[in-house]
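J.: One structure is given below, represented as structure tokens, and several questions about it will come after.
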Amino acid sequence: FPQPQDDDERKCGVCGFSAMVLAREHRGLTNSRAFVLTACCFTAVIMGYNMYSGPNSVGGEIDTSGVFVILEKAHLKYAKVGRQLTLLNAQDHADYLMRNKEDPALYRPDIVHQALMSVLDSPLNKAGKIRGVYIHTTDKHVIFVDPHARIPRMFRRFCGLIVEVLQRMSVRSSHGGKKLLKLVRSPVSSHFPIGCRRIAFSHSAGNATDFHDYAQQIDPSEPLVLIVGAMAHGNVLDLIGGDVLCSSLSISKYPLSAACAISRILGSLERRLGVL
């Protein structure tokens, strides 16, 4: 067996060896059963270590610089309509929603679909500057979207993908098994890098600001979190009312769709970072 490389691995090795000895001496287990118990101990220790090791860990080697995009207040709910589970939307399920006393105008997964494509198709993402996309739903679910994921262009296929994530907790790549979409723990702010600049975009934030000029003040090595609403009605500023670490910004004197706002924001950052 390979030798442990650090204190944590040595502790895991000691725990595993101790478990095997105790299992054999005090419980009378065979070698094979003791080995199974040892493997379970190793798994529990490693899962616990990985759970508390992340981008925010002090002294970690994970690079937290780059851009993180948060799509807030996404109304993503699925239900069994007819014989199959489907992601509810205002166009196809208005009758079903009204029968269940729900407002069909709130169910707009197409907004999330268009916003995701704007982020993932951007030159900023293709240059490797987008570090992650998080979808924060009205049900308090947080979906992480890997920047290398290829979102289906067809809306119906996208709906099926979201239903699969909400049901199975993750969707893996067909090559290599990497999780491209997955449910992660709440709140979404726990995934922000330490010391990042947080900006929430809303038409209600006040006087419009030229984001290209604003972007010149941003340090390219500084982690940046962009918060954009992914809902038909509402205001993302309601979510950051008491957050002194988050600033609000309006980038146009006209209300913009999420996809249009993201295109304008990322375009300014591309010019700031020299991404053509």
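Chain labels run A, B, ... following the order of the structure tokens; each chain numbers its residues from 1, and ligands are numbered from 1 in the order shown.
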Among the residues of segment 79-254 of chain A, find those DSSP assigns to alpha helix (DSSP H) from the backbone and print them as a ChimeraX atom specification.
T.: /A:94-99,109-120,123-126,155-168,211-215
J.: Could you give me the residues within segment 60-216 of chain A that DSSP places in strand (DSSP E or B), as a PyMOL selection string?
T.: chain A and resi 67-74+78-81+84-87+130-137+142-145+170-172+179-184+197-201+208
J.: Which residues are close to Gly160 of chain A, i.e. within 12 Å by only C-alpha atoms, leaving aside same-chain residues fewer than 4 positions away? Reply as a PyMOL selection string.
T.: chain A and resi 76-79+84-88+109+113+151-152+154-156+164-168+171
J.: Store the residues picked out above in a file with N, CA and C atoms, as an mmCIF file, in the first residue's frame.
T.:
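See again_6.cif below for the written result:
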```cif
data_model
loop_
_atom_site.group_PDB
_atom_site.id
_atom_site.type_symbol
_atom_site.label_atom_id
_atom_site.label_comp_id
_atom_site.auth_asym_id
_atom_site.auth_seq_id
_atom_site.Cartn_x
_atom_site.Cartn_y
_atom_site.Cartn_z
ATOM 1 N N LEU A 76 -38.016 26.820 -10.929
ATOM 2 C CA LEU A 76 -37.833 25.512 -11.561
ATOM 3 C C LEU A 76 -38.511 24.450 -10.703
ATOM 4 N N LYS A 77 -39.679 24.029 -11.149
ATOM 5 C CA LYS A 77 -40.423 22.991 -10.446
ATOM 6 C C LYS A 77 -40.932 21.975 -11.460
ATOM 7 N N TYR A 78 -40.927 20.717 -11.045
ATOM 8 C CA TYR A 78 -41.446 19.678 -11.942
ATOM 9 C C TYR A 78 -42.618 18.964 -11.267
ATOM 10 N N ALA A 79 -43.438 18.346 -12.100
ATOM 11 C CA ALA A 79 -44.602 17.618 -11.606
ATOM 12 C C ALA A 79 -44.964 16.544 -12.627
ATOM 13 N N GLN A 84 -45.881 11.423 -17.425
ATOM 14 C CA GLN A 84 -44.452 11.626 -17.216
ATOM 15 C C GLN A 84 -44.175 12.886 -16.411
ATOM 16 N N LEU A 85 -43.004 12.900 -15.795
ATOM 17 C CA LEU A 85 -42.556 14.071 -15.062
ATOM 18 C C LEU A 85 -42.071 15.122 -16.046
ATOM 19 N N THR A 86 -42.426 16.353 -15.806
ATOM 20 C CA THR A 86 -42.032 17.424 -16.721
ATOM 21 C C THR A 86 -41.770 18.698 -15.942
ATOM 22 N N LEU A 87 -40.907 19.541 -16.476
ATOM 23 C CA LEU A 87 -40.631 20.832 -15.870
ATOM 24 C C LEU A 87 -41.758 21.786 -16.248
ATOM 25 N N LEU A 88 -42.378 22.368 -15.251
ATOM 26 C CA LEU A 88 -43.553 23.198 -15.486
ATOM 27 C C LEU A 88 -43.169 24.520 -16.133
ATOM 28 N N PRO A 109 -38.980 28.752 -17.067
ATOM 29 C CA PRO A 109 -37.652 28.138 -17.180
ATOM 30 C C PRO A 109 -36.906 28.554 -18.443
ATOM 31 N N HIS A 113 -32.863 29.084 -19.295
ATOM 32 C CA HIS A 113 -32.244 28.465 -20.473
ATOM 33 C C HIS A 113 -31.476 29.494 -21.303
ATOM 34 N N ILE A 151 -25.110 22.826 -22.739
ATOM 35 C CA ILE A 151 -26.544 22.855 -22.468
ATOM 36 C C ILE A 151 -27.309 22.585 -23.763
ATOM 37 N N PRO A 152 -28.348 21.744 -23.730
ATOM 38 C CA PRO A 152 -29.133 21.489 -24.955
ATOM 39 C C PRO A 152 -29.720 22.774 -25.525
ATOM 40 N N MET A 154 -32.283 22.827 -27.611
ATOM 41 C CA MET A 154 -33.733 22.666 -27.669
ATOM 42 C C MET A 154 -34.306 22.797 -26.261
ATOM 43 N N PHE A 155 -35.350 23.623 -26.129
ATOM 44 C CA PHE A 155 -35.904 23.923 -24.815
ATOM 45 C C PHE A 155 -36.456 22.677 -24.129
ATOM 46 N N ARG A 156 -37.123 21.801 -24.873
ATOM 47 C CA ARG A 156 -37.700 20.603 -24.263
ATOM 48 C C ARG A 156 -36.613 19.688 -23.705
ATOM 49 N N GLU A 164 -33.971 15.852 -14.513
ATOM 50 C CA GLU A 164 -33.025 14.799 -14.136
ATOM 51 C C GLU A 164 -32.112 15.254 -13.003
ATOM 52 N N VAL A 165 -31.661 16.500 -13.051
ATOM 53 C CA VAL A 165 -30.802 17.021 -11.978
ATOM 54 C C VAL A 165 -31.564 17.078 -10.659
ATOM 55 N N LEU A 166 -32.786 17.596 -10.682
ATOM 56 C CA LEU A 166 -33.572 17.723 -9.459
ATOM 57 C C LEU A 166 -33.960 16.373 -8.881
ATOM 58 N N GLN A 167 -34.092 15.351 -9.732
ATOM 59 C CA GLN A 167 -34.453 14.020 -9.257
ATOM 60 C C GLN A 167 -33.241 13.230 -8.789
ATOM 61 N N ARG A 168 -32.191 13.223 -9.607
ATOM 62 C CA ARG A 168 -31.040 12.349 -9.344
ATOM 63 C C ARG A 168 -29.870 13.072 -8.679
ATOM 64 N N VAL A 171 -25.996 15.240 -12.974
ATOM 65 C CA VAL A 171 -25.934 14.706 -14.333
ATOM 66 C C VAL A 171 -24.466 14.600 -14.704
#
```
J.: Take atom CA of Gly267 of chain A and atom CA of Gly66 of chain A and report the distance between them in Å, one decimal.
T.: 14.8 Å
J.: Excluding Gly234 of chain A and any residue of its chain fewer than 6 positions from it, enumerate the residues within 10 Å of it, using only C-alpha atoms, and give them as a PDB file with C-alpha atoms, in the first residue's frame.
T.:
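Dumped everything to selection19.pdb:
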```
ATOM      1  CA  LYS A  73     -34.990  33.369  -8.115  1.00  0.00           C
ATOM      2  CA  LEU A 106     -44.025  32.809 -12.638  1.00  0.00           C
ATOM      3  CA  SER A 202     -31.227  45.295 -11.225  1.00  0.00           C
TER       4      SER A 202
END
```
J.: Extract, using only C-alpha atoms, all DNA, RNA and protein residues at most 12 Å from Glu102 of chain A, discarding same-chain residues fewer than 5 positions from it, and format them as JSON, numbers by chain.
T.: {"A": [75, 77, 88, 89, 90, 93, 94, 95, 96, 97, 107]}
J.: Those same residues - N, CA and C atoms - I'd like them written as a PDB file, in the first residue's frame.
T.:
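Dumped to again_32.pdb:
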```pdb
ATOM      1  N   HIS A  75     -37.533  29.898 -11.121  1.00  0.00           N
ATOM      2  CA  HIS A  75     -38.729  29.134 -10.784  1.00  0.00           C
ATOM      3  C   HIS A  75     -38.662  27.809 -11.529  1.00  0.00           C
ATOM      4  N   LYS A  77     -39.679  24.029 -11.149  1.00  0.00           N
ATOM      5  CA  LYS A  77     -40.423  22.991 -10.446  1.00  0.00           C
ATOM      6  C   LYS A  77     -40.932  21.975 -11.460  1.00  0.00           C
ATOM      7  N   LEU A  88     -42.378  22.368 -15.251  1.00  0.00           N
ATOM      8  CA  LEU A  88     -43.553  23.198 -15.486  1.00  0.00           C
ATOM      9  C   LEU A  88     -43.169  24.520 -16.133  1.00  0.00           C
ATOM     10  N   ASN A  89     -43.954  24.926 -17.141  1.00  0.00           N
ATOM     11  CA  ASN A  89     -43.744  26.224 -17.776  1.00  0.00           C
ATOM     12  C   ASN A  89     -45.095  26.829 -18.151  1.00  0.00           C
ATOM     13  N   ALA A  90     -45.095  28.133 -18.292  1.00  0.00           N
ATOM     14  CA  ALA A  90     -46.348  28.869 -18.477  1.00  0.00           C
ATOM     15  C   ALA A  90     -47.048  28.531 -19.792  1.00  0.00           C
ATOM     16  N   HIS A  93     -48.296  24.390 -19.542  1.00  0.00           N
ATOM     17  CA  HIS A  93     -48.980  23.860 -18.361  1.00  0.00           C
ATOM     18  C   HIS A  93     -49.808  24.925 -17.639  1.00  0.00           C
ATOM     19  N   ALA A  94     -50.308  25.900 -18.377  1.00  0.00           N
ATOM     20  CA  ALA A  94     -51.097  26.969 -17.750  1.00  0.00           C
ATOM     21  C   ALA A  94     -52.348  26.411 -17.064  1.00  0.00           C
ATOM     22  N   ASP A  95     -53.057  25.490 -17.721  1.00  0.00           N
ATOM     23  CA  ASP A  95     -54.271  24.925 -17.130  1.00  0.00           C
ATOM     24  C   ASP A  95     -53.957  24.143 -15.859  1.00  0.00           C
ATOM     25  N   TYR A  96     -52.904  23.351 -15.924  1.00  0.00           N
ATOM     26  CA  TYR A  96     -52.499  22.565 -14.750  1.00  0.00           C
ATOM     27  C   TYR A  96     -52.149  23.481 -13.582  1.00  0.00           C
ATOM     28  N   LEU A  97     -51.411  24.551 -13.856  1.00  0.00           N
ATOM     29  CA  LEU A  97     -50.990  25.467 -12.793  1.00  0.00           C
ATOM     30  C   LEU A  97     -52.171  26.202 -12.186  1.00  0.00           C
ATOM     31  N   TYR A 107     -43.785  30.763 -13.886  1.00  0.00           N
ATOM     32  CA  TYR A 107     -43.077  29.557 -14.329  1.00  0.00           C
ATOM     33  C   TYR A 107     -42.428  29.806 -15.691  1.00  0.00           C
TER      34      TYR A 107
END
```
J.: Could you tell me how far atom CA of Leu256 of chain A sits from atom CA of Thr209 of chain A, in Å to one decimal place?
T.: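 Between atom CA of Thr209 of chain A and atom CA of Leu256 of chain A the gap works out to 13.8 Å.
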J.: Distance atom CA of Gly195 of chain A-atom CA of Pro223 of chain A, one decimal place?
T.: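 These atoms are spaced 7.6 Å apart.
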J.: Rank A:Ser250, A:Gln217, A:Ser122, A:Ser186 by their smallest atom-to-atom distance to Val236 of chain A, using only C-alpha atoms, and report the top residue only.
T.: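 Closest to Val236 of chain A, using only C-alpha atoms: A:Ser250.
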J.: Calculated over only C-alpha atoms, which of the candidates A:Cys159, A:Ala149, A:Leu120, A:Val69 has the smallest distance to Ile135 of chain A?
T.: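 Of all the options, A:Val69 lies closest to Ile135 of chain A.
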J.: So which one's closest to Leu226 of chain A, A:Phe144, A:Phe68, A:Phe158, A:Tyr254? Using only C-alpha atoms, please.
T.: A:Phe68
J.: Which is closest to Ser65 of chain A among A:Ser247, A:Ser221, A:Asn235, A:Asn100, if we use only C-alpha atoms?
T.: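 Among the listed residues, the smallest separation from Ser65 of chain A belongs to A:Ser221.
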